[in-house]
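Undergrad: Structure below; questions to follow.
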Amino acid sequence: MAENASNTRRNFISAMAMGVTASSLSMLTNPLYASDERFFPSQLDQADAWFKNIKGKHRIVYDGANANNGLPIIWNWAYYASNNQTGSKDEAITAMTVLRHGATGIAFDNSIWEKYELGSYFKITDTHTQKPSVRNLYYEPKQGDFPLPEVDGIKNLQARGALFCVCDLATKKLTKNMAAKMKLDPADVYAEWINHLLPGIQLVPSGVWALGRAQEHGCGYIYAG
């Protein structure tokens with residue numbers, strides 16, 4: 001019985017390994033990935049080095065798995081505000097937000113939001129129109145976009161030293177879905193989105209990869225999505 005169980009385990013592990021290998025080879029040999037350099041943008045080459053921008057005594061990373069009424073941005077601001085209140089200057093603080101899964105759209109500009117109707121897709125309402133948003137509410141928010149008027153958007157937070165990155169795996173998945181819905185070439189849609197990343201937002205291989213790297217660089221972890 002023990003020998004049979006051992007064989008079963010070995011066969012299972014072998015099958016899993018073969019499955020992973022086959023899956024990986026399928027991705028690498030798929031013309032959609034392997035023959036189109038747009039699926040391997042140069043931004044990813046700088047991903048590891050980008051984490052050297054983390055500085056100061058107080059370091060936190062927010063896991064933005066969903067837009068969640070802007071909380072991945074609001075809590076980033078709150079970390080600066082509350083540390084300022086207790087005597088720390090911005091130079092001693094780094095708050096990072098990793099945008100992934102249902103928060104991926106936050107990383108892209110208004111043209112992408114309008115063309116691909118991201119407000120409808122992510123169920124994000126523009127409080128000024130009471131309709132699905134056709135603009136990114138979180139980069140340069142208007143009065144009333146956030147529950148408190150003093151909350152900074154991404155652009156102002158970046159000026160204070162905050163860091164934002166977005167998951168490439170989620171971006172590929174999202175653009176593939178959009179391409180299918182609109183009967184467009186997935187490679188063209190992906191390339192368009194990468195060209196419309198908000199200024200200063202770093203593309204990373206995956207959101208979970210970035211969360212791990214941030215913690216390796218001394219950031220505490222908080223789930224914000």
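Lettering and numbering for the structure tokens are positional, with chains as A, B, ... in the shown order, residues counted from 1 in each chain, and ligands counted from 1 in the shown order.
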Contacts of Ala78 in chain A at 10 Å or less, counting only C-alpha atoms, minus same-chain residues fewer than 4 places along, as a ChimeraX atom specification?
TA: /A:71,73-74,82-84,95,151-152
Undergrad: Skip Gly144 in chain A itself and residues of its chain fewer than 6 positions away, then list as a list in words all residues within 10 Å of it, counting only C-alpha atoms.
TA: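 In the requested format, the answer is Asp126, Thr127, His128 and Leu137 of chain A.
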Undergrad: Write out, as an mmCIF file, in the first residue's frame, the residues just selected, with C-alpha atoms.
TA:
```cif
data_model
loop_
_atom_site.group_PDB
_atom_site.id
_atom_site.type_symbol
_atom_site.label_atom_id
_atom_site.label_comp_id
_atom_site.auth_asym_id
_atom_site.auth_seq_id
_atom_site.Cartn_x
_atom_site.Cartn_y
_atom_site.Cartn_z
ATOM 1 C CA ASP A 126 -19.457 59.430 -11.572
ATOM 2 C CA THR A 127 -21.062 61.373 -8.720
ATOM 3 C CA HIS A 128 -21.373 64.429 -10.962
ATOM 4 C CA LEU A 137 -11.960 59.676 -10.998
#
```
Undergrad: Sorted by chain and rising residue number, list the residues of range 77-171 of chain A at most 12 Å from range 52-58 of chain A (counting only C-alpha atoms), each with its closest atom pair and distance in Å to one decimal, as CSV.
TA:
```
residue,atom,partner,partner_atom,distance
A:Tyr79,CA,A:His58,CA,9.2
A:Tyr80,CA,A:His58,CA,9.5
A:Ser82,CA,A:His58,CA,11.3
A:Asn83,CA,A:His58,CA,8.2
A:Asn84,CA,A:His58,CA,11.0
A:Thr86,CA,A:His58,CA,11.8
A:Gly87,CA,A:His58,CA,11.7
A:Ser88,CA,A:His58,CA,8.6
A:Lys89,CA,A:Gly56,CA,9.5
A:Asp90,CA,A:Gly56,CA,8.6
A:Glu91,CA,A:Gly56,CA,6.4
A:Ala92,CA,A:Gly56,CA,3.9
A:Ile93,CA,A:His58,CA,4.8
A:Thr94,CA,A:Lys55,CA,5.9
A:Ala95,CA,A:His58,CA,8.2
A:Met96,CA,A:Ile54,CA,8.3
A:Thr97,CA,A:Ile54,CA,11.9
A:Gln158,CA,A:Asn53,CA,11.5
A:Arg160,CA,A:Lys55,CA,11.9
A:Gly161,CA,A:Asn53,CA,8.5
A:Ala162,CA,A:Ile54,CA,8.8
A:Leu163,CA,A:Ile54,CA,8.0
A:Phe164,CA,A:Asn53,CA,11.1
```
Undergrad: Could you please take those selected residues and save C-alpha atoms as a CSV table (one decimal), in the first residue's frame?
TA:
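Final output, saved to selection-v7.csv:
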```
chain,number,residue,atom,x,y,z
A,79,TYR,CA,-0.9,57.3,5.4
A,80,TYR,CA,0.8,60.5,4.5
A,82,SER,CA,-1.6,60.7,9.6
A,83,ASN,CA,2.2,60.4,9.5
A,84,ASN,CA,2.5,64.2,8.9
A,86,THR,CA,2.5,62.7,14.1
A,87,GLY,CA,5.6,64.6,13.1
A,88,SER,CA,6.9,62.8,10.0
A,89,LYS,CA,7.6,64.7,6.8
A,90,ASP,CA,6.8,63.3,3.4
A,91,GLU,CA,10.5,62.6,2.8
A,92,ALA,CA,10.4,59.9,5.6
A,93,ILE,CA,7.3,58.2,4.1
A,94,THR,CA,6.6,55.8,1.2
A,95,ALA,CA,3.1,54.6,0.6
A,96,MET,CA,2.7,52.3,-2.4
A,97,THR,CA,-0.5,51.1,-4.0
A,158,GLN,CA,3.0,61.0,-6.7
A,160,ARG,CA,4.6,63.7,-2.5
A,161,GLY,CA,6.6,60.5,-3.1
A,162,ALA,CA,3.8,57.9,-3.3
A,163,LEU,CA,4.2,55.0,-5.7
A,164,PHE,CA,1.7,53.3,-7.9
```
Undergrad: Rank A:Ile154, A:Ala49, A:Ala214, A:Ile194 by their smallest atom-to-atom distance to Tyr62 in chain A, using only C-alpha atoms, and report the top residue only.
TA: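 Closest to Tyr62 in chain A, using only C-alpha atoms: A:Ala214.
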Undergrad: Which value, in Å to one decimal, gives the distance between CA of Gly207 in chain A and CA of Arg100 in chain A?
TA: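 Going from CA of Gly207 in chain A over to CA of Arg100 in chain A covers 5.4 Å.
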Undergrad: Could you name the residues that touch Ala65 in chain A at 7 Å or less, counting only C-alpha atoms, but leaving out those on the same chain fewer than 4 positions away, as a PyMOL selection string?
TA: chain A and resi 99-103+225
Undergrad: Counting only C-alpha atoms, which residue out of A:Asn68, A:Asp48, A:Tyr116, A:Phe40 sits closest to Met182 in chain A?
TA: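 Among A:Asn68, A:Asp48, A:Tyr116, A:Phe40, it is A:Tyr116 that comes nearest to Met182 in chain A.
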Undergrad: Enumerate the residues of range 18-224 of chain A with a DSSP assignment of strand (DSSP E), computed from the backbone, and present them as JSON, numbers by chain.
TA: {"A": [58, 59, 60, 61, 62, 63, 64, 65, 66, 93, 94, 95, 96, 97, 98, 99, 100, 101, 102, 125, 126, 131, 132, 163, 164, 165, 166, 167, 202, 203, 204, 220, 221, 222, 223]}
Undergrad: For Ser206 in chain A, which residue among A:Thr171, A:Gln143, A:Asn76, A:Ser133 is the nearest when counting only C-alpha atoms?
TA: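 When distances to Ser206 in chain A are compared using only C-alpha atoms, the smallest one comes from A:Thr171.
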Undergrad: Would you mind telling me which residue in A:Leu44, A:Phe122, A:Asn69, A:Trp77 lies nearest to Pro147 in chain A when using only C-alpha atoms?
TA: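 Distance minimum relative to Pro147 in chain A lands on A:Asn69.
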Undergrad: Of the candidates A:Gln130, A:Arg213, A:Ala159, A:Glu117, which shows the shortest atom-to-atom distance to Gly200 in chain A, using only C-alpha atoms?
TA: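 Under the stated criterion, the closest residue is A:Ala159.
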Undergrad: Work out how far apart CA of Trp193 in chain A and CA of Ala67 in chain A are and give it in Å to one decimal.
TA: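 These two atoms are separated by 18.1 Å.
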Undergrad: May I ask for the distance between CA of Val61 in chain A and CA of Val204 in chain A, given in Å to one decimal place?
TA: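 Pair CA of Val61 in chain A / CA of Val204 in chain A returns 14.4 Å.
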